[in-house]
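Report on one structure; see the data block that follows.
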Amino acid sequence: MKISVIWTWYVWLIQAVWLAKIGYEINAIDIFEDKIEKLKSWVPTIFENGLEDLLKETLSNINFTTDKSCVVWSDIIFLCVWTPQDETWKTDLTYIKQAANDLKQILKWDEIVVIKSTVPAWTNKMIYELLWEKNPVVSNPEFLREWLAIEDFFAPDRIVLGFKTWESEENILKVLEVYKYFSEKNINVLKTNWQTAELIKYAANSFLATKITFINEIARLADKIWADIKDVSSWLGLDSRIWEKFLNAWIGYGWSCFPKDVKSLVHQFGENGLEWWIIKKVDEVNESQVNYFLEKITAKYSKDLHWKTIALFWVAFKPDTDDLRESRALILVKELLKMWATIKVFDYNSQALENFEKYSYSLSTWIRNFIPIVISKSFLDMTKNADFLVMTLEDKKVLAEDFSKVKENLKEKVIFDGKNILDKKEIKNMWFEYYWVGY
Ligand code: UGA
């Protein structure tokens, strides 16, 4: 079986590489020459645990190319195209439509087009019609997490496939064949219709976002009544009906997809003439969570951060990535700068720091001209001569840092921990003044 994967961006690159590892011949197509050149020389274009080794192992099975016409010899074409949302929260289908329009000039009639992109209900139908109803179109949402995508791809909780209701048995079997490796391992493969598959993806991301938001709200009450939020989360999670994952009360969720997919789901409710209640609130509460954390800082300093230098640990939206999209740290930075604080930043991922530096140039001129942002060389270097430390990352590497040196370095011995990563007893025993999310 020959497979093409269109766009090699983020987790979709993993799709291409893993299918090659399973033994398929893959065409991996992208519009960017420089990306394709890098991939051909085994250089990962995204940060993913284990990707470089996997690339080396599978390169002989992958043809990285910018030439779309090579899809013609494929049995299956995975369409993995970016679907952002516009300012009205509607999913912007421009890129996927464009990709389908390009394909329709090239395709014969029997290549199966599998849509991996997160798309609202009826998009698969729309793409089918756009392709002159010639080629089978299948919805196959992905559930990979950034940075852990290789691990997730290897051990998925389920595989969801949405077909048109009158799809031929032959085509269904062809798609099931691609995922035989998983069904043989007793991983559930769901065969359903297009809209059900489309909705499962939005419901999954929105449910996880709701779970996070729920615990974030509980943390606000925990703060008031001095209940230990970490204990609340872990003992709540021991109930097998609730489950321990995604119950960390932090500064709110960021990219990659929760903010976008929650907003799109709200829009889909509206489009279908329905009122939205829970998910609209999830988005609102999440947006306010970073401010809730910020208030802990402003309450301590009576909103006067003039002349304060803040050591800010971490800028990306999650550990080991360079991905700054909707990172809560960036929202925090903007707010702190407005209060005239000077910021020293460090991140273990040097690419994330470079991206942050570029981002800082996009800030308004008055901010750039008047308030310095310092990019530090190390965690300890960042804390040198800073007044206090703000942490926005759950990277366990920080636990190996020498906090007695941090104490020497900081002018005030104050830490605001937005990811509750430090051990509260230990850090308080070191005589730090320690603030976190939830008591
Ligand atoms: C998420 C989903 O987990 C994937 O299943 C899905 O495929 C992907 O979106 C997507 O649609 O592309 P991802 O955004 O990469 O994956 O990362 P997560 O690990 O889910 O974390 C998302 C955000 O939630 C992060 O900002 C994280 O800090 C936050 N989070 C996570 C919490 O605030 N609390 C938690 O307990 C867990």
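Letters A, B, ... mark the chains of the structure tokens in the order given; residue numbers begin at 1 per chain; ligand numbers begin at 1, in order shown.
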Could I get the residue neighbourhood of ligand 1 at 8 Å, counting only C-alpha atoms and all ligand atoms, as JSON, numbers by chain?
{"A": [11, 118, 142, 143, 144, 145, 146, 147, 148, 201, 204, 205, 208, 209, 211, 212, 213, 245, 246, 247, 248, 249, 250, 251, 252, 253, 254, 255, 256, 257, 258, 261, 317, 318, 327, 328, 393, 394]}
Excluding Leu353 in chain A and any residue of its chain fewer than 6 positions from it, enumerate the residues within 10 Å of it, using only C-alpha atoms, and give them as number ranges by chain.
A: 314-316, 322, 324, 345-347, 359, 375-377
I'd like the contact shell of Val285 in chain A - 8 Å cut-off, only C-alpha atoms, skipping same-chain residues fewer than 3 positions apart - returned as a tab-separated table (two decimals) with C-alpha atoms, in the first residue's frame.
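For reference, result_15.tsv as written:
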chain	number	residue	atom	x	y	z
A	213	THR	CA	-11.09	24.51	33.89
A	217	GLU	CA	-12.11	26.95	39.53
A	281	LYS	CA	-17.89	29.46	30.11
A	282	VAL	CA	-14.90	27.12	29.86
A	288	SER	CA	-9.42	34.65	33.30
A	289	GLN	CA	-7.20	32.03	34.96
In range 30-184 of chain A, DSSP helix (DSSP H, G or I) residues written as a short mmCIF file (atom, residue, chain, number, x, y, z; two decimals) with N, CA and C atoms, in the first residue's frame:
data_model
loop_
_atom_site.label_atom_id
_atom_site.label_comp_id
_atom_site.auth_asym_id
_atom_site.auth_seq_id
_atom_site.Cartn_x
_atom_site.Cartn_y
_atom_site.Cartn_z
N GLU A 33 10.15 24.46 0.78
CA GLU A 33 11.39 23.80 0.33
C GLU A 33 12.35 23.55 1.49
N ASP A 34 12.55 24.62 2.32
CA ASP A 34 13.57 24.53 3.38
C ASP A 34 13.24 23.41 4.37
N LYS A 35 11.95 23.23 4.66
CA LYS A 35 11.54 22.17 5.59
C LYS A 35 11.86 20.81 4.99
N ILE A 36 11.51 20.66 3.74
CA ILE A 36 11.70 19.37 3.05
C ILE A 36 13.20 19.04 3.00
N GLU A 37 14.03 20.06 2.72
CA GLU A 37 15.48 19.82 2.65
C GLU A 37 16.00 19.34 4.01
N LYS A 38 15.53 19.99 5.06
CA LYS A 38 15.96 19.59 6.42
C LYS A 38 15.56 18.15 6.70
N LEU A 39 14.32 17.83 6.40
CA LEU A 39 13.82 16.48 6.71
C LEU A 39 14.58 15.41 5.94
N LYS A 40 14.96 15.76 4.69
CA LYS A 40 15.72 14.80 3.89
C LYS A 40 17.06 14.51 4.53
N LEU A 51 12.09 12.01 17.68
CA LEU A 51 11.82 12.15 16.24
C LEU A 51 13.07 11.94 15.38
N GLU A 52 14.21 12.46 15.84
CA GLU A 52 15.42 12.37 15.02
C GLU A 52 15.76 10.90 14.72
N ASP A 53 15.73 10.06 15.76
CA ASP A 53 16.05 8.64 15.57
C ASP A 53 15.05 7.97 14.63
N LEU A 54 13.79 8.33 14.82
CA LEU A 54 12.74 7.73 13.99
C LEU A 54 12.91 8.14 12.52
N LEU A 55 13.33 9.39 12.32
CA LEU A 55 13.57 9.86 10.95
C LEU A 55 14.68 9.05 10.30
N LYS A 56 15.77 8.85 11.05
CA LYS A 56 16.91 8.11 10.51
C LYS A 56 16.50 6.68 10.16
N GLU A 57 15.67 6.11 11.03
CA GLU A 57 15.25 4.72 10.85
C GLU A 57 14.35 4.54 9.64
N THR A 58 13.57 5.59 9.32
CA THR A 58 12.50 5.39 8.33
C THR A 58 12.72 6.13 7.02
N LEU A 59 13.81 6.88 6.94
CA LEU A 59 13.98 7.76 5.78
C LEU A 59 13.93 7.01 4.45
N SER A 60 14.40 5.77 4.45
CA SER A 60 14.40 5.04 3.17
C SER A 60 12.98 4.75 2.68
N ASN A 61 12.00 4.81 3.59
CA ASN A 61 10.61 4.56 3.19
C ASN A 61 9.85 5.85 2.88
N LYS A 68 3.45 17.98 -5.40
CA LYS A 68 2.14 17.39 -5.07
C LYS A 68 1.72 16.30 -6.06
N SER A 69 2.21 16.43 -7.29
CA SER A 69 1.71 15.51 -8.32
C SER A 69 2.06 14.05 -8.01
N CYS A 70 3.02 13.84 -7.10
CA CYS A 70 3.41 12.45 -6.79
C CYS A 70 2.31 11.69 -6.03
N VAL A 71 1.25 12.39 -5.62
CA VAL A 71 0.18 11.68 -4.89
C VAL A 71 -0.56 10.68 -5.79
N VAL A 72 -0.42 10.84 -7.11
CA VAL A 72 -1.23 10.00 -8.00
C VAL A 72 -1.01 8.51 -7.81
N TRP A 73 0.19 8.13 -7.43
CA TRP A 73 0.38 6.69 -7.27
C TRP A 73 -0.03 6.17 -5.88
N THR A 94 -10.01 27.74 4.76
CA THR A 94 -9.34 28.19 3.53
C THR A 94 -8.26 27.21 3.08
N TYR A 95 -7.37 26.82 4.01
CA TYR A 95 -6.22 25.99 3.60
C TYR A 95 -6.64 24.59 3.16
N ILE A 96 -7.61 24.04 3.87
CA ILE A 96 -8.01 22.68 3.52
C ILE A 96 -8.76 22.68 2.19
N LYS A 97 -9.53 23.74 1.94
CA LYS A 97 -10.23 23.83 0.65
C LYS A 97 -9.21 23.99 -0.47
N GLN A 98 -8.22 24.81 -0.19
CA GLN A 98 -7.17 25.05 -1.19
C GLN A 98 -6.45 23.74 -1.52
N ALA A 99 -6.13 22.98 -0.45
CA ALA A 99 -5.43 21.71 -0.66
C ALA A 99 -6.31 20.75 -1.47
N ALA A 100 -7.62 20.73 -1.15
CA ALA A 100 -8.53 19.83 -1.88
C ALA A 100 -8.65 20.28 -3.34
N ASN A 101 -8.70 21.60 -3.55
CA ASN A 101 -8.78 22.10 -4.93
C ASN A 101 -7.55 21.72 -5.73
N ASP A 102 -6.37 21.80 -5.06
CA ASP A 102 -5.13 21.39 -5.75
C ASP A 102 -5.20 19.91 -6.11
N LEU A 103 -5.72 19.12 -5.13
CA LEU A 103 -5.75 17.66 -5.32
C LEU A 103 -6.66 17.26 -6.48
N LYS A 104 -7.77 17.99 -6.59
CA LYS A 104 -8.76 17.54 -7.57
C LYS A 104 -8.24 17.63 -9.00
N GLN A 105 -7.25 18.48 -9.21
CA GLN A 105 -6.65 18.56 -10.55
C GLN A 105 -5.76 17.34 -10.81
N ILE A 106 -5.31 16.71 -9.72
CA ILE A 106 -4.30 15.66 -9.86
C ILE A 106 -4.88 14.25 -9.75
N THR A 123 -17.65 19.02 7.14
CA THR A 123 -16.52 19.43 6.30
C THR A 123 -16.08 18.28 5.39
N ASN A 124 -16.10 17.05 5.93
CA ASN A 124 -15.69 15.91 5.08
C ASN A 124 -16.63 15.79 3.88
N LYS A 125 -17.91 16.06 4.13
CA LYS A 125 -18.90 16.00 3.03
C LYS A 125 -18.56 17.09 2.01
N MET A 126 -18.24 18.29 2.54
CA MET A 126 -17.93 19.40 1.65
C MET A 126 -16.70 19.08 0.78
N ILE A 127 -15.69 18.44 1.40
CA ILE A 127 -14.47 18.10 0.65
C ILE A 127 -14.80 17.04 -0.41
N TYR A 128 -15.67 16.10 -0.04
CA TYR A 128 -16.10 15.04 -0.98
C TYR A 128 -16.74 15.69 -2.22
N GLU A 129 -17.61 16.68 -1.97
CA GLU A 129 -18.27 17.35 -3.08
C GLU A 129 -17.28 18.18 -3.90
N LEU A 130 -16.34 18.79 -3.16
CA LEU A 130 -15.32 19.60 -3.84
C LEU A 130 -14.47 18.74 -4.79
N ALA A 149 3.87 13.07 20.86
CA ALA A 149 3.12 12.53 19.72
C ALA A 149 3.60 11.14 19.32
N ILE A 150 4.90 10.89 19.42
CA ILE A 150 5.40 9.58 19.00
C ILE A 150 4.86 8.50 19.95
N GLU A 151 4.95 8.79 21.24
CA GLU A 151 4.42 7.87 22.25
C GLU A 151 2.92 7.64 22.03
N ASP A 152 2.17 8.72 21.78
CA ASP A 152 0.72 8.61 21.58
C ASP A 152 0.39 7.83 20.32
N PHE A 153 1.19 8.08 19.25
CA PHE A 153 0.89 7.39 17.99
C PHE A 153 1.05 5.89 18.15
N PHE A 154 2.04 5.50 18.92
CA PHE A 154 2.36 4.09 19.11
C PHE A 154 1.30 3.39 19.99
N GLU A 169 -17.63 -1.43 0.89
CA GLU A 169 -16.92 -2.29 1.83
C GLU A 169 -15.42 -2.34 1.46
N GLU A 170 -15.16 -2.33 0.16
CA GLU A 170 -13.78 -2.42 -0.33
C GLU A 170 -12.94 -1.23 0.18
N ASN A 171 -13.52 -0.04 0.08
CA ASN A 171 -12.79 1.16 0.54
C ASN A 171 -12.62 1.16 2.06
N ILE A 172 -13.66 0.72 2.77
CA ILE A 172 -13.56 0.67 4.24
C ILE A 172 -12.43 -0.28 4.61
N LEU A 173 -12.39 -1.43 3.96
CA LEU A 173 -11.35 -2.42 4.29
C LEU A 173 -9.95 -1.88 4.00
N LYS A 174 -9.83 -1.09 2.92
CA LYS A 174 -8.54 -0.51 2.56
C LYS A 174 -8.02 0.41 3.68
N VAL A 175 -8.94 1.23 4.22
CA VAL A 175 -8.53 2.16 5.29
C VAL A 175 -8.22 1.37 6.57
N LEU A 176 -9.04 0.35 6.85
CA LEU A 176 -8.79 -0.46 8.05
C LEU A 176 -7.43 -1.15 7.94
N GLU A 177 -7.05 -1.49 6.73
CA GLU A 177 -5.76 -2.16 6.49
C GLU A 177 -4.59 -1.27 6.97
N VAL A 178 -4.72 0.06 6.75
CA VAL A 178 -3.65 0.99 7.18
C VAL A 178 -3.43 0.85 8.68
N LYS A 180 -4.15 -1.77 10.55
CA LYS A 180 -4.14 -3.17 10.99
C LYS A 180 -3.17 -3.39 12.15
N TYR A 181 -2.03 -2.69 12.05
CA TYR A 181 -1.00 -2.78 13.08
C TYR A 181 -1.62 -2.54 14.47
N PHE A 182 -2.56 -1.60 14.54
CA PHE A 182 -3.17 -1.25 15.84
C PHE A 182 -4.31 -2.21 16.20
N SER A 183 -5.15 -2.54 15.21
CA SER A 183 -6.28 -3.42 15.55
C SER A 183 -5.76 -4.78 16.00
#
Find the spatial neighbours of Leu199 in chain A, counting only C-alpha atoms, within a cut-off of 10 Å - ignore same-chain residues fewer than 3 positions away - and output them as a PyMOL selection string.
chain A and resi 118-122+141+194-196+202-204+265
Between CA of Val266 in chain A and CA of Thr91 in chain A, what is the spacing in Å?
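So the answer is 10.7 Å.
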Please return, as a list in words, all residues of range 186-223 of chain A that DSSP assigns to strand (DSSP E or B) on the basis of the backbone.
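Selection result, strand (DSSP E or B) within range 186-223 of chain A: Asn188, Val189, Leu190, Lys191, Thr192 and Asn193 of chain A.
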Dump N, CA and C atoms for the selected residues as a PDB file, in the first residue's frame?
ATOM      1  N   ASN A 188      -9.033  -0.194  19.981  1.00  0.00           N
ATOM      2  CA  ASN A 188     -10.369  -0.040  19.384  1.00  0.00           C
ATOM      3  C   ASN A 188     -10.330   0.840  18.148  1.00  0.00           C
ATOM      4  N   VAL A 189     -10.926   0.344  17.081  1.00  0.00           N
ATOM      5  CA  VAL A 189     -11.056   1.151  15.865  1.00  0.00           C
ATOM      6  C   VAL A 189     -12.549   1.344  15.621  1.00  0.00           C
ATOM      7  N   LEU A 190     -12.979   2.607  15.683  1.00  0.00           N
ATOM      8  CA  LEU A 190     -14.406   2.894  15.514  1.00  0.00           C
ATOM      9  C   LEU A 190     -14.701   3.219  14.051  1.00  0.00           C
ATOM     10  N   LYS A 191     -15.728   2.564  13.492  1.00  0.00           N
ATOM     11  CA  LYS A 191     -16.196   2.905  12.140  1.00  0.00           C
ATOM     12  C   LYS A 191     -17.522   3.617  12.326  1.00  0.00           C
ATOM     13  N   THR A 192     -17.598   4.849  11.883  1.00  0.00           N
ATOM     14  CA  THR A 192     -18.841   5.586  12.074  1.00  0.00           C
ATOM     15  C   THR A 192     -19.079   6.486  10.865  1.00  0.00           C
ATOM     16  N   ASN A 193     -20.032   7.437  10.991  1.00  0.00           N
ATOM     17  CA  ASN A 193     -20.248   8.342   9.856  1.00  0.00           C
ATOM     18  C   ASN A 193     -19.378   9.592  10.006  1.00  0.00           C
TER      19      ASN A 193
END
Quick one: pull the distance between CA of Ala227 in chain A and CA of Val437 in chain A, Å, one decimal.
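If I compute the distance from CA of Ala227 in chain A to CA of Val437 in chain A, I get 11.4 Å.
CA of Leu422 in chain A is found 28.0 Å from CA of Pro372 in chain A.
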Using only C-alpha atoms, which residues sit within 9 Å of Asn135 in chain A once same-chain residues fewer than 4 positions away are excluded, as a PyMOL selection string?
chain A and resi 107-113+128+131
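Nearest-residue note for Ala155 in chain A: choosing from A:Tyr439, A:Phe78, A:Trp18, A:Trp9, the minimum distance belongs to A:Trp18, counting only C-alpha atoms.
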I'd like to know which of A:Gly418, A:Pro44, A:Gly270, A:Pro259 is closest to Gln85 in chain A, using only C-alpha atoms.
A:Pro259
Near-range 395-411 of chain A list (8 Å; only C-alpha atoms; drop same-chain fewer than 3 positions) as a VMD selection string:
chain A and resid 318 to 320 379 to 380 383 to 389 414 421 to 422 430 432
Just want the 9 Å neighbourhood of Gln351 in chain A, counted on only C-alpha atoms, with same-chain residues fewer than 3 positions away dropped. Output as an MDAnalysis selection string.
chainID A and resid 321:323 347:348 354:356
Which residue of A:Ile46, A:Ile14, A:Met391, A:Ile3 approaches Asp75 in chain A most closely, using only C-alpha atoms
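Using only C-alpha atoms, Asp75 in chain A sits closest to A:Ile3.
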